[in-house]
Structure formats: C-alpha cells, structure tokens
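So this one's query31.cif, mmCIF, C-alpha atoms:
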data_final
#
loop_
_atom_site.label_atom_id
_atom_site.label_comp_id
_atom_site.auth_asym_id
_atom_site.auth_seq_id
_atom_site.Cartn_x
_atom_site.Cartn_y
_atom_site.Cartn_z
CA MET O 174 0.00 0.00 0.00
CA THR O 175 2.97 2.31 0.31
CA ALA O 176 3.25 2.30 -3.47
CA TRP O 177 -0.48 3.14 -3.66
CA ARG O 178 0.21 6.13 -1.43
CA ASP O 179 3.14 7.19 -3.61
CA VAL O 180 0.91 7.15 -6.70
CA GLU O 181 -1.84 9.13 -4.96
CA VAL O 182 0.64 11.77 -3.73
CA ALA O 183 2.29 12.11 -7.16
CA ALA O 184 -1.14 12.40 -8.79
CA ALA O 185 -2.16 15.19 -6.41
CA GLU O 186 1.15 16.99 -6.95
CA ALA O 187 0.68 16.84 -10.73
CA LEU O 188 -2.69 18.61 -10.62
CA GLU O 189 -2.20 22.02 -12.16
CA ASP O 190 -5.34 23.59 -10.74
CA GLY O 191 -6.91 22.82 -7.42
CA PRO O 192 -4.75 21.91 -4.46
CA THR O 193 -3.18 24.79 -2.58
CA PRO O 194 0.35 24.50 -1.23
CA ALA O 195 -1.20 23.76 2.19
CA ASP O 196 -3.36 21.01 0.64
CA LEU O 197 -0.31 19.46 -0.99
CA GLU O 198 1.63 19.58 2.25
CA ALA O 199 -1.24 17.79 4.00
CA ILE O 200 -1.41 15.21 1.22
CA ARG O 201 2.34 14.59 1.41
CA GLY O 202 1.95 14.02 5.15
CA ALA O 203 -1.10 11.75 4.81
CA THR O 204 -0.79 8.38 6.50
CA PHE O 205 -2.68 5.12 6.79
CA THR O 206 -2.50 1.84 8.62
CA VAL O 207 -3.36 -1.51 7.15
CA GLU O 208 -5.71 -2.10 10.05
CA ALA O 209 -7.62 1.13 9.36
CA VAL O 210 -7.91 0.27 5.67
CA LYS O 211 -9.16 -3.24 6.46
CA GLU O 212 -11.71 -1.80 8.86
CA ARG O 213 -12.92 0.67 6.24
CA GLU O 214 -12.96 -2.03 3.56
CA ALA O 215 -15.48 -3.96 5.66
CA VAL O 216 -17.81 -1.01 5.00
CA THR O 217 -16.91 -0.15 1.39
CA ASP O 218 -16.26 -3.69 0.16
CA HIS O 219 -13.60 -2.13 -2.10
CA ASP O 220 -9.91 -2.15 -1.29
CA VAL O 221 -8.88 1.01 -3.14
CA ALA O 222 -11.95 2.98 -2.02
CA ALA O 223 -11.19 2.03 1.57
CA PHE O 224 -7.56 3.07 1.16
CA VAL O 225 -8.54 6.39 -0.42
CA ASP O 226 -11.03 7.10 2.38
CA VAL O 227 -8.44 6.47 5.09
CA LEU O 228 -5.67 8.40 3.32
CA SER O 229 -7.98 11.33 2.50
CA ALA O 230 -9.26 11.56 6.06
CA SER O 231 -5.71 11.75 7.40
CA ALA O 232 -4.97 14.69 5.08
CA GLY O 233 -7.90 16.73 6.38
CA PRO O 234 -9.61 19.14 3.96
CA GLY O 235 -6.77 18.79 1.45
CA GLY O 236 -7.63 15.10 1.21
CA ARG O 237 -10.39 15.92 -1.25
CA TRP O 238 -7.67 16.07 -3.94
CA ILE O 239 -6.53 12.50 -3.26
CA HIS O 240 -7.70 10.19 -6.07
CA TYR O 241 -9.11 13.20 -7.96
CA GLY O 242 -10.08 12.01 -11.45
CA LEU O 243 -8.38 8.64 -10.99
CA THR O 244 -9.72 5.14 -11.23
CA SER O 245 -8.63 2.13 -9.20
CA SER O 246 -6.68 0.71 -12.13
CA ASP O 247 -4.64 3.91 -12.37
CA VAL O 248 -3.48 3.39 -8.81
CA LEU O 249 -3.17 -0.40 -8.80
CA ASP O 250 -1.39 -0.78 -12.14
CA THR O 251 0.95 2.14 -11.62
CA ALA O 252 1.75 1.07 -8.06
CA LEU O 253 2.54 -2.44 -9.30
CA ALA O 254 4.86 -0.99 -11.93
CA LEU O 255 6.53 1.07 -9.20
CA GLN O 256 6.96 -2.04 -7.03
CA ILE O 257 8.41 -3.98 -9.95
CA ARG O 258 10.90 -1.19 -10.64
CA ARG O 259 11.87 -0.99 -6.98
CA ALA O 260 12.25 -4.75 -6.69
CA GLY O 261 14.20 -4.93 -9.92
CA ALA O 262 16.90 -2.44 -8.96
CA PRO O 263 18.69 -4.64 -6.37
CA ILE O 264 18.12 -7.80 -8.42
CA VAL O 265 19.69 -6.29 -11.53
CA ALA O 266 22.52 -4.82 -9.46
CA GLY O 267 23.20 -8.26 -7.98
CA ALA O 268 23.13 -9.89 -11.41
CA ARG O 269 25.61 -7.32 -12.74
CA GLU O 270 27.84 -7.84 -9.70
CA LEU O 271 27.80 -11.61 -10.31
CA ALA O 272 28.93 -11.09 -13.91
CA LEU O 273 31.77 -8.80 -12.76
CA VAL O 274 32.96 -11.22 -10.08
CA LEU O 275 32.92 -14.11 -12.54
CA ALA O 276 34.93 -12.03 -15.03
CA GLU O 277 37.47 -11.14 -12.33
CA ARG O 278 37.81 -14.78 -11.32
CA ALA O 279 38.13 -15.79 -14.98
CA ARG O 280 41.15 -13.49 -15.30
CA GLU O 281 42.56 -14.79 -12.01
CA PHE O 282 42.40 -18.40 -13.23
CA ALA O 283 43.22 -17.72 -16.89
CA ASP O 284 46.30 -19.97 -16.74
CA THR O 285 44.98 -22.63 -14.35
CA LEU O 286 44.82 -25.86 -16.31
CA CYS O 287 41.93 -28.22 -15.88
CA VAL O 288 40.47 -31.19 -17.65
CA GLY O 289 37.99 -30.39 -20.36
CA ARG O 290 34.83 -32.47 -20.47
CA THR O 291 32.60 -33.64 -23.26
CA HIS O 292 29.67 -36.02 -23.00
CA GLY O 293 30.56 -36.56 -19.35
CA VAL O 294 34.09 -37.83 -20.02
CA HIS O 295 37.57 -36.29 -20.06
CA ALA O 296 38.49 -34.32 -23.15
CA GLU O 297 41.16 -31.84 -24.22
CA PRO O 298 42.83 -29.73 -21.52
CA THR O 299 41.44 -26.23 -21.01
CA THR O 300 41.71 -23.60 -18.30
CA PHE O 301 39.44 -22.95 -15.38
CA GLY O 302 39.53 -19.27 -16.37
CA LEU O 303 38.05 -20.06 -19.77
CA LYS O 304 35.20 -21.96 -18.13
CA LEU O 305 34.56 -19.03 -15.77
CA ALA O 306 34.70 -16.59 -18.70
CA GLY O 307 31.86 -18.48 -20.36
CA TYR O 308 29.83 -18.22 -17.18
CA ALA O 309 30.68 -14.50 -16.93
CA PHE O 310 29.42 -13.81 -20.46
CA GLU O 311 26.26 -15.79 -19.75
CA ALA O 312 25.72 -13.91 -16.48
CA HIS O 313 26.21 -10.60 -18.33
CA ARG O 314 23.60 -11.56 -20.94
CA ASN O 315 21.22 -12.63 -18.19
CA ALA O 316 21.68 -9.35 -16.32
CA GLU O 317 20.83 -7.42 -19.50
CA ARG O 318 17.73 -9.57 -20.03
CA LEU O 319 16.66 -8.98 -16.44
CA GLU O 320 17.14 -5.24 -16.81
CA ARG O 321 15.04 -5.18 -19.99
CA ALA O 322 12.35 -7.31 -18.38
CA PHE O 323 12.04 -5.01 -15.37
CA GLU O 324 11.99 -1.92 -17.60
CA GLN O 325 9.27 -3.39 -19.80
CA ALA O 326 7.13 -4.41 -16.81
CA ALA O 327 7.49 -1.09 -14.98
CA VAL O 328 5.01 0.97 -16.97
CA GLY O 329 2.39 3.13 -15.31
CA ALA O 330 -0.90 4.41 -16.62
CA ILE O 331 -2.90 7.37 -15.31
CA SER O 332 -5.70 7.59 -17.84
CA GLY O 333 -8.88 7.62 -15.75
CA ALA O 334 -12.03 5.63 -16.24
CA VAL O 335 -11.66 3.00 -18.98
CA GLY O 336 -8.48 4.70 -20.20
CA THR O 337 -10.27 7.65 -21.79
CA HIS O 338 -8.32 10.56 -20.24
CA SER O 339 -11.74 12.13 -19.70
CA ALA O 340 -10.89 13.61 -16.29
CA HIS O 341 -7.36 14.76 -17.13
CA GLU O 342 -5.50 15.53 -20.33
CA PRO O 343 -2.78 13.06 -21.42
CA GLY O 344 -0.07 15.46 -20.23
CA TYR O 345 -1.27 14.88 -16.68
CA GLU O 346 -0.33 11.21 -16.98
CA ALA O 347 3.16 12.17 -18.11
CA ARG O 348 3.58 14.55 -15.17
CA VAL O 349 2.47 11.94 -12.63
CA LEU O 350 4.70 9.24 -14.07
CA GLU O 351 7.66 11.61 -14.24
CA ARG O 352 7.28 12.21 -10.49
CA LEU O 353 7.29 8.50 -9.82
#
Could you write out this structure as structure tokens?
Amino acid sequence: MTAWRDVEVAAAEALEDGPTPADLEAIRGATFTVEAVKEREAVTDHDVAAFVDVLSASAGPGGRWIHYGLTSSDVLDTALALQIRRAGAPIVAGARELALVLAERAREFADTLCVGRTHGVHAEPTTFGLKLAGYAFEAHRNAERLERAFEQAAVGAISGAVGTHSAHEPGYEARVLERL
C-alpha cells in the first residue's frame, strides 16, 4: 500500500489547478494503517476505495484532492509498476555484480589448467579461467535480459475511467509518471 500512497501523492502533486500548497503539504503528510484500511474495507467492500477514504481523512480538507479524477486501475497498475521497478533495482545490481565477479575470477584463473569435459568424459585440456569466462558472459547476458524485463514491466498508466483521459488531459499522466 505504500506504493499506492506514492501514486496518490504524485497524482495530487501533478494537478495544475486545485490543491493549494497547504493542501499538498497535508497530502504529502497523509498516513494510513493496514488495520484502518481493512476496517474501512469492511464497510466499502472495495480495497482502493477504503484506502482512499483512510488516506484522504488523514490529510484533512486537502484530502479531497486525493484520487481526484483517478480510477482504481490507475493506482493499482501504476503502483505495481513502481513495485516492480523498486524490486528490480537490487536484483539487476546483484546480477551485474555476479557477472563482474565471474569475469574477475576468470582473469585470475586464466592460466589454471583443468580437464575439459565432453559427454561426461575427459576431453582436451582447457583452463578454469576459460570456463569461468563463459559463465561471466552468460551472467552478463542474463543481467541485461533482467534489466530489460524489469523496464518493460514497470510501466504506469494514469488515464482515468476505462483509459479515456476524460478527467485529465494526457499530459497529466506524463507529469504523474515523471514524479514516480
């Protein structure tokens, strides 16, 4: 739900007309608890509506700008994209680090002889460094694939009801996503 909050705050900040600086400050300071949202959801029977009610109430009068012109999918899909991007950053960094370490070790063992293998039996001699270099190149390719996959999955959409941009012009979507 923290990502939901981040989307709601960015959406309020991107409104060109409406919220005053005091409203925006209240929105930025808005809080929620999972317990309060669950309690409210028992009344609304809608997870995002319950979340918006709790978050808006904590912002006081400025809370009326929370979820202004948005639909649940705007928040849910964009928050998921934000979570994917956040989760991807350390995974990609770790994958890149693995490739670098393998490359370093490949250089370290470049002259260390070892038995080559083919079809599960001994073959021509090779070096342990050459084997590690193959793993390093494979790890590098995998890190690039991971990075592309996270980039492709981390796409937000702030287009309102059924994607029509009827509540906000398309530039609003760009402003919100730029903030995120």
(message) Could you tell me, as a PyMOL selection string, exactly which residues end up selected when the PyMOL selection byres ((chain O and resi 308) around 12) is applied to this structure?
(response) chain O and resi 271-279+301-307+309-315
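Closest to Arg318 (chain O) among O:Ala185, O:Arg178, O:Gly261, O:Leu243 is O:Gly261, based on all atoms listed in the file.
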(request) Please measure the separation of CA of Leu253 (chain O) and CA of Pro234 (chain O), giving the value in Å to one decimal. (result) 28.1 Å
(message) Applying the PyMOL selection byres ((chain O and resi 344) around 12) to the file I just gave you, which residues come out? Please list them as a PyMOL selection string.
(response) chain O and resi 184+187-189+330-332+338+340-343+345-351
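In this model, the gap between CA of Ala327 (chain O) and CA of Gly191 (chain O) comes to 28.9 Å.
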(request) Just say which residues the PyMOL selection byres ((chain O and resi 203) around 6) picks in this file, as a VMD selection string. (result) chain O and resid 200 to 202 204 228 231 to 232
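Nearest-residue note for Val180 (chain O): choosing from O:Asp247, O:Glu320, O:Glu214, O:Glu198, the minimum distance belongs to O:Asp247, counting all atoms listed in the file.
Restricting the calculation to all atoms listed in the file, the smallest distance between Phe224 (chain O) and any of O:Ala252, O:Trp238, O:Gly267, O:Trp177 is found for O:Trp177.
Straight-line separation from CA of Lys211 (chain O) to CA of Leu255 (chain O): 22.6 Å.
Nearest to Ala260 (chain O) of all the residues O:Ala322, O:Glu281, O:Pro192, O:Ala334 is O:Ala322, counting all atoms listed in the file.
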